[in-house]
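Dumped input-v9.csv below, it's CSV, C-alpha atoms:
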chain,number,residue,atom,x,y,z
A,70,MET,CA,249.8,95.5,3.1
A,71,GLU,CA,246.9,93.8,4.8
A,72,ARG,CA,246.8,93.5,8.6
A,73,LEU,CA,250.1,95.2,9.0
A,74,ILE,CA,249.9,95.7,12.8
A,75,LEU,CA,249.0,92.1,13.3
A,76,ARG,CA,251.8,90.8,11.1
A,77,VAL,CA,254.4,93.0,12.9
A,78,THR,CA,253.1,92.0,16.3
A,79,THR,CA,253.2,88.3,15.4
A,80,LYS,CA,256.7,88.6,14.1
A,81,LEU,CA,257.7,90.2,17.4
A,82,LEU,CA,255.9,87.8,19.6
A,83,PHE,CA,256.7,84.5,17.8
A,84,ALA,CA,260.2,84.0,19.2
A,85,PRO,CA,259.3,84.9,22.8
A,86,ILE,CA,256.4,82.5,22.7
A,87,ILE,CA,258.6,79.7,21.5
A,88,LEU,CA,261.2,80.6,24.2
A,89,PHE,CA,258.4,80.6,26.8
A,90,ALA,CA,257.3,77.2,25.6
A,91,LEU,CA,260.8,75.8,26.0
A,92,TYR,CA,261.1,77.4,29.4
A,93,VAL,CA,257.9,75.7,30.5
A,94,GLN,CA,259.1,72.5,29.0
A,95,PHE,CA,262.4,72.3,30.8
A,96,HIS,CA,261.4,74.0,34.0
A,97,GLY,CA,258.6,71.6,34.7
A,98,ASP,CA,260.6,70.0,37.5
A,99,TYR,CA,260.9,73.3,39.4
A,100,GLY,CA,257.8,75.2,38.7
A,101,PRO,CA,254.4,74.9,37.2
A,102,GLY,CA,254.4,73.5,33.7
A,103,GLY,CA,255.6,70.5,31.8
A,104,GLY,CA,255.2,68.8,28.5
A,105,PHE,CA,251.5,69.2,28.0
A,106,GLN,CA,251.5,73.0,28.6
A,107,ALA,CA,254.7,73.5,26.7
A,108,GLY,CA,253.4,71.6,23.7
A,109,VAL,CA,250.2,73.7,23.6
A,110,ILE,CA,252.1,77.0,23.9
A,111,PHE,CA,254.5,75.8,21.1
A,112,ALA,CA,251.6,75.0,18.9
A,113,VAL,CA,249.9,78.3,19.7
A,114,ALA,CA,252.9,80.2,18.3
A,115,PHE,CA,252.4,78.5,14.9
A,116,ILE,CA,248.6,78.9,15.1
A,117,LEU,CA,249.1,82.6,15.6
A,118,HIS,CA,251.4,82.6,12.6
A,119,ALA,CA,248.7,80.8,10.5
A,120,PHE,CA,246.1,83.4,11.6
A,121,CYS,CA,248.2,86.3,10.4
A,122,TYR,CA,250.1,84.9,7.4
A,123,GLY,CA,247.7,82.3,6.1
A,124,LEU,CA,247.7,78.6,6.6
A,125,ASP,CA,249.7,77.9,3.4
A,126,GLU,CA,252.6,80.0,4.7
A,127,THR,CA,252.6,78.0,8.0
A,128,LYS,CA,252.4,74.7,6.1
A,129,LYS,CA,255.5,75.8,4.2
A,130,ALA,CA,257.4,76.3,7.4
A,131,VAL,CA,256.1,73.2,9.2
A,132,PRO,CA,254.6,70.7,6.7
A,133,GLN,CA,252.0,68.1,7.8
A,134,LYS,CA,254.4,65.3,7.0
A,135,ALA,CA,256.9,66.6,9.6
A,136,LEU,CA,254.1,66.9,12.2
A,137,THR,CA,253.0,63.3,11.6
A,138,VAL,CA,256.6,62.1,12.1
A,139,ALA,CA,256.9,64.3,15.2
A,140,MET,CA,253.7,62.9,16.7
A,141,VAL,CA,255.1,59.3,16.4
A,142,ILE,CA,258.6,60.3,17.6
A,143,GLY,CA,257.1,62.1,20.6
A,144,LEU,CA,255.1,59.0,21.7
A,145,LEU,CA,258.0,56.7,21.0
A,146,PHE,CA,260.3,59.0,23.1
A,147,TYR,CA,258.0,58.3,26.1
A,148,VAL,CA,257.6,54.6,25.5
A,149,GLY,CA,261.2,54.3,24.6
A,150,THR,CA,262.3,55.8,27.9
A,151,GLY,CA,260.1,53.2,29.7
A,152,VAL,CA,261.6,50.4,27.7
A,153,ALA,CA,265.1,51.7,28.2
A,154,THR,CA,264.6,51.6,32.0
A,155,MET,CA,263.3,48.0,31.6
A,156,LEU,CA,266.5,47.1,29.6
A,157,LEU,CA,268.5,48.6,32.4
A,158,GLY,CA,266.9,46.1,34.8
A,159,ALA,CA,264.2,48.2,36.5
A,160,ASN,CA,260.5,48.4,36.1
A,161,LEU,CA,258.8,50.3,33.2
A,162,LEU,CA,259.6,54.0,33.7
A,163,GLY,CA,261.7,53.2,36.8
A,164,TYR,CA,264.0,56.2,36.3
A,165,ASP,CA,266.4,55.5,39.1
A,166,SER,CA,268.1,52.9,37.0
A,167,ILE,CA,269.3,55.6,34.5
A,168,ASP,CA,271.8,56.8,37.1
A,169,PRO,CA,271.8,54.2,39.9
A,170,ASP,CA,274.9,55.6,41.7
A,171,SER,CA,273.5,59.1,42.2
A,172,THR,CA,272.8,60.2,45.7
A,173,HIS,CA,270.3,62.8,44.8
A,174,HIS,CA,268.1,60.8,42.3
A,175,ALA,CA,269.7,62.3,39.2
A,176,GLY,CA,268.1,59.5,37.2
A,177,GLN,CA,264.6,60.7,38.2
A,178,HIS,CA,265.5,64.1,36.8
A,179,TYR,CA,266.8,62.7,33.5
A,180,GLY,CA,263.8,60.4,33.2
A,181,ILE,CA,261.3,63.1,33.8
A,182,LEU,CA,263.0,65.4,31.4
A,183,LEU,CA,263.0,62.7,28.7
A,184,VAL,CA,259.3,61.7,29.0
A,185,GLU,CA,258.3,65.4,29.3
A,186,TRP,CA,260.1,66.1,26.1
A,187,GLY,CA,258.2,63.2,24.4
A,188,VAL,CA,254.9,64.6,25.8
A,189,GLY,CA,255.7,68.1,24.6
A,190,MET,CA,256.6,66.9,21.1
A,191,CYS,CA,253.5,64.7,20.8
A,192,VAL,CA,251.1,67.4,22.1
A,193,ALA,CA,252.5,70.2,20.0
A,194,SER,CA,252.4,68.2,16.8
A,195,THR,CA,249.0,66.8,17.5
A,196,MET,CA,247.5,70.2,18.3
A,197,MET,CA,249.0,71.6,15.0
A,198,THR,CA,247.7,68.6,13.1
A,199,ILE,CA,244.2,69.1,14.4
A,200,PHE,CA,244.4,72.8,13.6
A,201,TYR,CA,245.7,72.1,10.1
A,202,HIS,CA,242.9,69.6,9.4
A,203,PHE,CA,240.1,71.8,10.7
A,204,THR,CA,241.3,75.0,9.1
A,205,GLY,CA,242.5,73.5,5.9
A,206,ARG,CA,239.0,72.2,5.1
A,207,GLU,CA,236.9,74.0,2.6
A,208,PRO,CA,234.0,75.5,4.4
A,209,ASP,CA,231.6,74.9,1.5
A,210,ILE,CA,229.4,72.2,3.0
A,211,ASN,CA,225.8,73.3,3.4
A,212,GLN,CA,223.6,72.0,6.1
A,213,GLU,CA,221.5,70.1,3.5
A,214,ASP,CA,224.5,68.3,2.0
A,215,TRP,CA,225.1,66.1,5.1
B,272,MET,CA,235.2,65.2,62.4
B,273,SER,CA,237.4,68.0,63.5
B,274,ALA,CA,235.9,71.5,64.1
B,275,PHE,CA,237.6,73.3,61.3
B,276,GLU,CA,236.0,76.6,60.5
B,277,VAL,CA,236.5,78.5,57.3
B,278,GLU,CA,237.6,82.0,57.9
B,279,LEU,CA,236.0,84.7,55.8
B,280,THR,CA,239.2,86.1,54.3
B,281,PRO,CA,239.2,88.3,51.2
B,282,ILE,CA,240.4,85.2,49.3
B,283,VAL,CA,237.1,83.4,50.1
B,284,PHE,CA,235.1,86.4,48.7
B,285,LEU,CA,237.3,86.3,45.6
B,286,ASP,CA,236.6,82.6,45.2
B,287,LEU,CA,232.9,83.3,45.6
B,288,SER,CA,232.8,86.1,43.1
B,289,LEU,CA,234.8,84.0,40.6
B,290,LEU,CA,232.3,81.1,41.0
B,291,THR,CA,229.4,83.5,40.6
B,292,MET,CA,230.9,84.8,37.4
B,293,LEU,CA,231.4,81.2,36.2
B,294,ILE,CA,227.7,80.6,36.7
B,295,LEU,CA,226.7,83.9,34.9
B,296,VAL,CA,229.0,83.0,31.9
B,297,ALA,CA,227.4,79.5,31.8
B,298,PHE,CA,223.9,81.0,31.7
B,299,ALA,CA,225.0,83.5,29.0
B,300,MET,CA,226.3,80.5,27.0
B,301,LEU,CA,223.0,78.7,27.4
B,302,ARG,CA,221.0,81.7,26.3
B,303,SER,CA,223.1,82.7,23.3
B,304,ARG,CA,222.3,81.3,19.9
B,305,HIS,CA,225.2,83.1,18.2
B,306,LEU,CA,227.9,80.4,18.0
B,307,PHE,CA,230.8,82.9,17.8
B,308,ALA,CA,229.6,84.5,21.1
B,309,VAL,CA,229.3,81.0,22.6
B,310,VAL,CA,232.9,80.1,21.6
B,311,MET,CA,234.2,83.4,23.0
B,312,LEU,CA,232.2,82.9,26.2
B,313,SER,CA,233.6,79.3,26.6
B,314,GLY,CA,237.1,80.9,26.4
B,315,ILE,CA,236.1,83.3,29.1
B,316,TYR,CA,234.8,80.5,31.2
B,317,SER,CA,238.1,78.7,30.9
B,318,LEU,CA,240.0,81.8,31.8
B,319,LEU,CA,237.8,82.3,34.9
B,320,SER,CA,238.3,78.7,35.9
B,321,ALA,CA,242.1,79.2,35.6
B,322,ALA,CA,241.9,82.3,37.9
B,323,PHE,CA,239.8,80.2,40.3
B,324,PHE,CA,242.4,77.4,40.3
B,325,VAL,CA,245.2,80.0,40.9
B,326,SER,CA,243.3,81.2,44.0
B,327,LEU,CA,243.1,77.5,45.1
B,328,ASP,CA,246.9,77.3,44.8
B,329,ALA,CA,246.6,74.7,41.9
B,330,VAL,CA,248.9,76.6,39.6
B,331,ASP,CA,249.7,73.6,37.4
B,332,VAL,CA,246.0,73.0,36.8
B,333,ALA,CA,245.4,76.7,36.2
B,334,PHE,CA,248.3,76.8,33.7
B,335,THR,CA,246.8,73.8,31.8
B,336,GLU,CA,243.3,75.3,31.8
B,337,ALA,CA,244.6,78.7,30.5
B,338,ALA,CA,246.7,77.1,27.8
B,339,VAL,CA,244.4,74.3,26.7
B,340,GLY,CA,241.0,75.5,27.6
B,341,ALA,CA,241.2,79.2,26.9
B,342,GLY,CA,243.8,79.0,24.2
B,343,VAL,CA,243.8,76.0,21.9
B,344,SER,CA,240.2,74.9,22.5
B,345,THR,CA,238.9,78.3,21.6
B,346,VAL,CA,240.9,78.3,18.4
B,347,LEU,CA,239.8,74.8,17.4
B,348,MET,CA,236.2,75.6,18.2
B,349,LEU,CA,236.5,78.7,15.9
B,350,ALA,CA,238.1,76.6,13.2
B,351,GLY,CA,235.3,74.1,13.6
B,352,MET,CA,232.7,76.8,13.6
B,353,LEU,CA,233.9,78.0,10.2
B,354,LEU,CA,232.9,74.6,8.8
B,355,THR,CA,229.3,74.8,10.0
B,356,ALA,CA,226.6,77.4,10.5
B,357,ARG,CA,227.2,80.6,12.5
B,358,ARG,CA,223.9,80.4,14.3
B,359,GLU,CA,222.3,77.6,16.3
B,360,LYS,CA,218.9,76.7,15.0
B,361,PRO,CA,216.2,78.2,17.2
B,362,LYS,CA,214.9,75.5,19.4
B,363,THR,CA,211.3,74.7,19.5
B,364,PRO,CA,209.6,76.4,22.5
B,365,GLY,CA,208.0,74.3,25.2
B,366,ARG,CA,209.0,72.7,28.5
B,367,ALA,CA,210.3,69.3,29.1
B,368,PRO,CA,208.9,68.3,32.5
B,369,VAL,CA,210.8,65.0,32.7
B,370,ALA,CA,214.2,66.6,32.0
B,371,LEU,CA,213.4,69.4,34.5
B,372,ALA,CA,212.5,66.8,37.2
B,373,VAL,CA,215.7,64.8,36.5
B,374,VAL,CA,217.8,68.0,36.8
B,375,PHE,CA,216.1,69.1,40.0
B,376,VAL,CA,216.4,65.7,41.7
B,377,THR,CA,220.1,65.3,40.7
B,378,GLY,CA,220.8,68.9,41.9
B,379,ALA,CA,219.1,68.2,45.2
B,380,ALA,CA,221.0,65.0,45.6
B,381,LEU,CA,224.3,66.8,44.9
B,382,ALA,CA,223.4,69.6,47.3
B,383,TYR,CA,222.5,67.0,50.0
B,384,ALA,CA,225.9,65.3,49.4
B,385,THR,CA,227.8,68.5,50.2
B,386,ILE,CA,226.5,68.3,53.8
B,387,ASP,CA,228.9,65.4,54.3
B,388,MET,CA,231.8,67.0,52.6
B,389,PRO,CA,234.7,68.3,54.8
B,390,ALA,CA,235.0,72.1,55.2
B,391,PHE,CA,236.7,74.0,52.5
B,392,GLY,CA,240.5,74.0,53.1
B,393,ASP,CA,240.2,71.5,56.0
B,394,PRO,CA,243.8,70.2,56.5
B,395,ASP,CA,242.3,66.9,57.9
B,396,ALA,CA,240.1,66.3,54.8
B,397,PRO,CA,240.6,62.9,53.3
B,398,ALA,CA,242.0,64.4,50.1
B,399,ASN,CA,244.8,66.1,52.2
B,400,SER,CA,245.5,63.3,54.7
B,401,TYR,CA,246.3,59.8,53.3
B,402,VAL,CA,247.9,59.5,49.9
B,403,GLY,CA,248.3,63.2,49.3
B,404,GLN,CA,250.2,63.6,52.5
B,405,GLN,CA,252.4,60.7,51.6
B,406,TYR,CA,253.3,62.2,48.3
B,407,VAL,CA,254.2,65.5,50.0
B,408,ASP,CA,256.3,63.7,52.6
B,409,GLU,CA,258.1,61.2,50.3
B,410,THR,CA,258.7,63.2,47.1
B,411,PRO,CA,261.9,64.9,48.5
B,412,ASN,CA,263.3,61.4,49.4
B,413,ASP,CA,262.1,59.4,46.4
B,414,ILE,CA,262.2,61.8,43.4
B,415,ALA,CA,264.1,64.9,44.7
B,416,VAL,CA,262.1,67.1,42.4
B,417,PRO,CA,260.8,70.4,43.8
B,418,ASN,CA,257.5,70.4,42.0
B,419,ILE,CA,255.5,67.6,43.5
B,420,VAL,CA,252.9,67.8,40.7
B,421,THR,CA,255.5,66.9,38.2
B,422,ALA,CA,256.9,64.2,40.4
B,423,VAL,CA,253.4,62.6,40.6
B,424,LEU,CA,252.6,63.1,37.0
B,425,ALA,CA,255.8,61.9,35.4
B,426,SER,CA,257.3,59.5,37.9
B,427,TYR,CA,254.9,58.1,40.5
B,428,ARG,CA,252.1,58.0,37.9
B,429,GLY,CA,254.3,57.9,34.8
B,430,PHE,CA,252.3,55.0,33.4
B,431,ASP,CA,249.1,57.0,33.5
B,432,THR,CA,250.8,59.9,31.7
B,433,MET,CA,252.0,57.5,29.0
B,434,GLY,CA,248.3,56.5,28.5
B,435,GLU,CA,247.4,60.2,28.3
B,436,THR,CA,250.0,60.8,25.7
B,437,MET,CA,248.6,57.9,23.7
B,438,VAL,CA,245.1,59.4,24.0
B,439,ILE,CA,246.3,62.7,22.5
B,440,PHE,CA,248.2,60.8,19.8
B,441,THR,CA,245.0,58.8,19.0
B,442,ALA,CA,243.0,62.0,18.9
B,443,GLY,CA,245.4,63.4,16.3
B,444,VAL,CA,245.3,60.2,14.3
B,445,ALA,CA,241.5,60.2,14.4
B,446,VAL,CA,241.3,63.7,13.1
B,447,MET,CA,243.7,62.9,10.3
B,448,LEU,CA,241.6,59.9,9.3
B,449,LEU,CA,238.3,61.7,9.5
B,450,LEU,CA,239.2,65.0,8.0
B,451,GLY,CA,242.2,63.9,5.9
B,452,LEU,CA,242.7,66.2,3.0
B,453,GLY,CA,244.8,64.1,0.8
B,454,SER,CA,247.8,65.1,2.7
B,455,ALA,CA,247.5,61.9,4.6
B,456,ARG,CA,247.8,59.9,1.4
B,457,GLY,CA,250.7,62.0,0.2
B,458,GLY,CA,248.6,64.4,-2.0
B,459,ARG,CA,247.8,61.6,-4.5
B,460,GLU,CA,244.4,61.7,-6.2
B,461,VAL,CA,242.3,58.7,-5.3
B,462,SER,CA,240.0,57.5,-8.0
B,463,ASP,CA,237.2,55.9,-6.0
B,464,ALA,CA,234.4,54.7,-8.3
B,465,GLU,CA,231.3,56.8,-7.7
B,466,PRO,CA,228.6,54.8,-6.0
B,467,GLU,CA,225.6,54.5,-8.3
B,468,ASP,CA,222.3,55.8,-7.1
B,469,GLY,CA,220.2,53.3,-5.2
B,470,GLU,CA,223.1,51.3,-4.0
B,471,ALA,CA,224.5,51.3,-0.5
B,472,LYS,CA,225.2,54.9,0.3

Using structure tokens, write down the structure from this file.
Amino acid sequence: MERLILRVTTKLLFAPIILFALYVQFHGDYGPGGGFQAGVIFAVAFILHAFCYGLDETKKAVPQKALTVAMVIGLLFYVGTGVATMLLGANLLGYDSIDPDSTHHAGQHYGILLVEWGVGMCVASTMMTIFYHFTGREPDINQEDW
Amino acid sequence: MSAFEVELTPIVFLDLSLLTMLILVAFAMLRSRHLFAVVMLSGIYSLLSAAFFVSLDAVDVAFTEAAVGAGVSTVLMLAGMLLTARREKPKTPGRAPVALAVVFVTGAALAYATIDMPAFGDPDAPANSYVGQQYVDETPNDIAVPNIVTAVLASYRGFDTMGETMVIFTAGVAVMLLLGLGSARGGREVSDAEPEDGEAK
């Protein structure tokens, strides 16, 4: 089997990388991190998978169509949170309206979690989309063909 | 201005050595014509910047730089490099006196501007006093989130972050449109008529 050590290492590392991405995603309120970083780490796990098993295998696991949908849903999650707070009677992204009776600004926590989730989803799927499109291209264009 | 003096702690020497390494890596990138080496050096550059940001206590920025700059950017540059030549074309030798003059004048102006800058780490510097101080003071009352960076990013400046997310989304859409492999049109074959020679190309 080709590149056995890399394949085994990737298999071992894949789940911890995803777990770390989720930790960074949901721990953004309390420590360094947030949606942007978590999304990138999430995408890196799949890029590592593509390096060791080939792009076609990764595309079987996460097809491009799913990524396109995730990109849109991620952005809509963010915008939707903003619109939801407007419907609740506050400004755009005025999270306090989510839980107005809270004494410790629980609405801010919920709002930040929601928009960070949207950011993470959008970033992760966009990074993977860009990677798919760069790597999936046939590298047969000569300098003279442009 | 206040008489704030920078103490020569080991951290300052660490900062200085990191900045020196950044300059050395930048020169190595300039000198190299081997694109693989340039991509790897740019990853090292990002990692060094991340270390520098950690030493400046900007862990959020350092985290982003390490994940995006050293991680994904390097991978995307490698993937892009596969589509083009591995070596940069040797540039024609010769000096460009105008460019050199512009660079020197700009550099001198920047060096002159640093005289007016507050001392490194000055607690009374403008960056630390007005709005920054207000965020530090008000975040526990307004947002009640321990990480002030997240509070600023997602709540105080939530509208900015929405724009940033849209920028990333737009970048993804642009790449799909420019490099679309047929996956964007559902794998269907598209039968565009071949443009004849001599016509608009």

Check your understanding: In Å to one decimal, how far is atom CA of A:Leu162 from atom CA of B:Val416?
Key ->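 Value for the atom CA of B:Val416-atom CA of A:Leu162 distance: 15.9 Å.
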
Practice item. Just need the residues of chain B within 8 Å of chain A, counting only C-alpha atoms, so spit them out as a PyMOL selection string. Key: chain B and resi 330-331+334-335+338-339+342-343+347+350-351+353-356+413-418+421-422+425-426+429-430+433+436-437+439-440+442-443+446-447+450-452+454

Practice item. Write out as JSON, numbers by chain which residues come within 12 Å of B:Arg302 when counting only C-alpha atoms, dropping same-chain ones fewer than 4 positions away. Key: {"B": [295, 296, 297, 298, 306, 308, 309, 312, 359, 361, 362]}

Review point. Which distance in Å separates atom CA of B:Leu279 and atom CA of B:Ala384, to one decimal?
Key: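 Separation between atom CA of B:Leu279 and atom CA of B:Ala384: 22.8 Å.
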
Check your understanding: What is the distance between atom CA of B:Ala299 and atom CA of B:Ala382, in Å to one decimal?
Key ->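 These two atoms are separated by 23.0 Å.
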
Practice item. Compile the contact shell of B:Ile419 as a list of chain:residue names: residues with an atom at most 8 Å away, counting all atoms listed in the file, same-chain residues fewer than 5 positions apart removed. Key: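 Residues meeting the cut-off are B:Tyr406, B:Val407, B:Thr410.
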
Check your understanding: If you count all atoms listed in the file, which residues fall within 6 Å of stretch 121-123 of chain A, apart from same-chain ones fewer than 3 positions away, as a list of chain:residue names?
Key -> A:Arg76, A:His118, A:Glu126

Within 8 Å of B:Ala321, counting only C-alpha atoms, which residues qualify if same-chain residues fewer than 6 places away don't, as an mmCIF file with C-alpha atoms, in the coordinates of the input?
data_model
loop_
_atom_site.group_PDB
_atom_site.id
_atom_site.type_symbol
_atom_site.label_atom_id
_atom_site.label_comp_id
_atom_site.auth_asym_id
_atom_site.auth_seq_id
_atom_site.Cartn_x
_atom_site.Cartn_y
_atom_site.Cartn_z
ATOM 1 C CA VAL B 332 246.000 73.000 36.800
ATOM 2 C CA ALA B 333 245.400 76.700 36.200
ATOM 3 C CA PHE B 334 248.300 76.800 33.700
ATOM 4 C CA GLU B 336 243.300 75.300 31.800
ATOM 5 C CA ALA B 337 244.600 78.700 30.500
#

Practice item. Find, counting only C-alpha atoms, the residue in A:Leu75, A:Trp186, A:Phe89, A:Leu81 that gets nearest to A:Gly149. Key: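 Of the candidates, the smallest distance to A:Gly149 is held by A:Trp186.
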
Practice item. Mind checking which residues fall within 12 Å of B:Glu278, counting only C-alpha atoms, ignoring those fewer than 2 positions away in the same chain, and posting them as a list in words? Key: Phe275, Glu276, Thr280, Pro281, Ile282, Val283, Phe284, Ala390, Phe391, Gly392 and Asp393 of chain B

Atoms to include: C-alpha atoms. Write the selected residues as a short mmCIF file (atom, residue, chain, number, x, y, z; two decimals), in the coordinates of the input.
data_model
loop_
_atom_site.label_atom_id
_atom_site.label_comp_id
_atom_site.auth_asym_id
_atom_site.auth_seq_id
_atom_site.Cartn_x
_atom_site.Cartn_y
_atom_site.Cartn_z
CA PHE B 275 237.60 73.30 61.30
CA GLU B 276 236.00 76.60 60.50
CA THR B 280 239.20 86.10 54.30
CA PRO B 281 239.20 88.30 51.20
CA ILE B 282 240.40 85.20 49.30
CA VAL B 283 237.10 83.40 50.10
CA PHE B 284 235.10 86.40 48.70
CA ALA B 390 235.00 72.10 55.20
CA PHE B 391 236.70 74.00 52.50
CA GLY B 392 240.50 74.00 53.10
CA ASP B 393 240.20 71.50 56.00
#

Check your understanding: Quick one: of A:Met190, A:Ile74, A:Ala114, A:Ala84, who's nearest to A:Phe146, counting all atoms listed in the file?
Key -> A:Met190

From the block you just saw, export stretch 325-374 of chain B: C-alpha atoms, as an mmCIF file, in the first residue's frame.
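Wrote it out as selection_19.cif, contents follow:
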data_model
loop_
_atom_site.group_PDB
_atom_site.id
_atom_site.type_symbol
_atom_site.label_atom_id
_atom_site.label_comp_id
_atom_site.auth_asym_id
_atom_site.auth_seq_id
_atom_site.Cartn_x
_atom_site.Cartn_y
_atom_site.Cartn_z
ATOM 1 C CA VAL B 325 1.715 35.586 20.644
ATOM 2 C CA SER B 326 4.578 37.508 22.193
ATOM 3 C CA LEU B 327 2.493 40.693 21.736
ATOM 4 C CA ASP B 328 -0.366 38.958 23.647
ATOM 5 C CA ALA B 329 -2.586 39.017 20.542
ATOM 6 C CA VAL B 330 -3.470 35.340 20.705
ATOM 7 C CA ASP B 331 -6.591 35.659 18.560
ATOM 8 C CA VAL B 332 -4.626 37.249 15.728
ATOM 9 C CA ALA B 333 -1.830 34.707 16.173
ATOM 10 C CA PHE B 334 -4.318 31.862 15.980
ATOM 11 C CA THR B 335 -5.798 33.221 12.761
ATOM 12 C CA GLU B 336 -2.380 33.831 11.244
ATOM 13 C CA ALA B 337 -1.235 30.301 12.079
ATOM 14 C CA ALA B 338 -4.421 28.665 10.788
ATOM 15 C CA VAL B 339 -5.050 30.793 7.700
ATOM 16 C CA GLY B 340 -1.600 32.121 6.800
ATOM 17 C CA ALA B 341 0.589 29.151 7.594
ATOM 18 C CA GLY B 342 -2.024 26.450 7.023
ATOM 19 C CA VAL B 343 -4.601 27.014 4.334
ATOM 20 C CA SER B 344 -2.771 29.692 2.326
ATOM 21 C CA THR B 345 0.276 27.449 1.938
ATOM 22 C CA VAL B 346 -1.900 24.567 0.778
ATOM 23 C CA LEU B 347 -3.774 26.773 -1.696
ATOM 24 C CA MET B 348 -0.504 28.248 -2.988
ATOM 25 C CA LEU B 349 0.848 24.714 -3.488
ATOM 26 C CA ALA B 350 -2.337 23.720 -5.312
ATOM 27 C CA GLY B 351 -2.082 26.831 -7.454
ATOM 28 C CA MET B 352 1.599 26.179 -8.098
ATOM 29 C CA LEU B 353 0.768 22.769 -9.555
ATOM 30 C CA LEU B 354 -1.182 24.556 -12.282
ATOM 31 C CA THR B 355 1.741 26.715 -13.339
ATOM 32 C CA ALA B 356 5.481 26.487 -13.783
ATOM 33 C CA ARG B 357 7.684 25.383 -10.903
ATOM 34 C CA ARG B 358 10.285 28.043 -11.469
ATOM 35 C CA GLU B 359 9.965 31.746 -11.834
ATOM 36 C CA LYS B 360 11.387 33.090 -15.072
ATOM 37 C CA PRO B 361 14.806 34.616 -14.478
ATOM 38 C CA LYS B 362 14.370 38.323 -14.424
ATOM 39 C CA THR B 363 16.392 40.476 -16.726
ATOM 40 C CA PRO B 364 19.367 41.918 -14.920
ATOM 41 C CA GLY B 365 19.676 45.639 -14.548
ATOM 42 C CA ARG B 366 18.752 48.309 -12.054
ATOM 43 C CA ALA B 367 15.609 50.395 -11.904
ATOM 44 C CA PRO B 368 16.726 53.768 -10.510
ATOM 45 C CA VAL B 369 13.215 55.225 -10.298
ATOM 46 C CA ALA B 370 11.860 52.264 -8.334
ATOM 47 C CA LEU B 371 14.878 52.326 -6.045
ATOM 48 C CA ALA B 372 14.413 56.042 -5.400
ATOM 49 C CA VAL B 373 10.684 55.576 -4.642
ATOM 50 C CA VAL B 374 11.440 52.754 -2.222
#
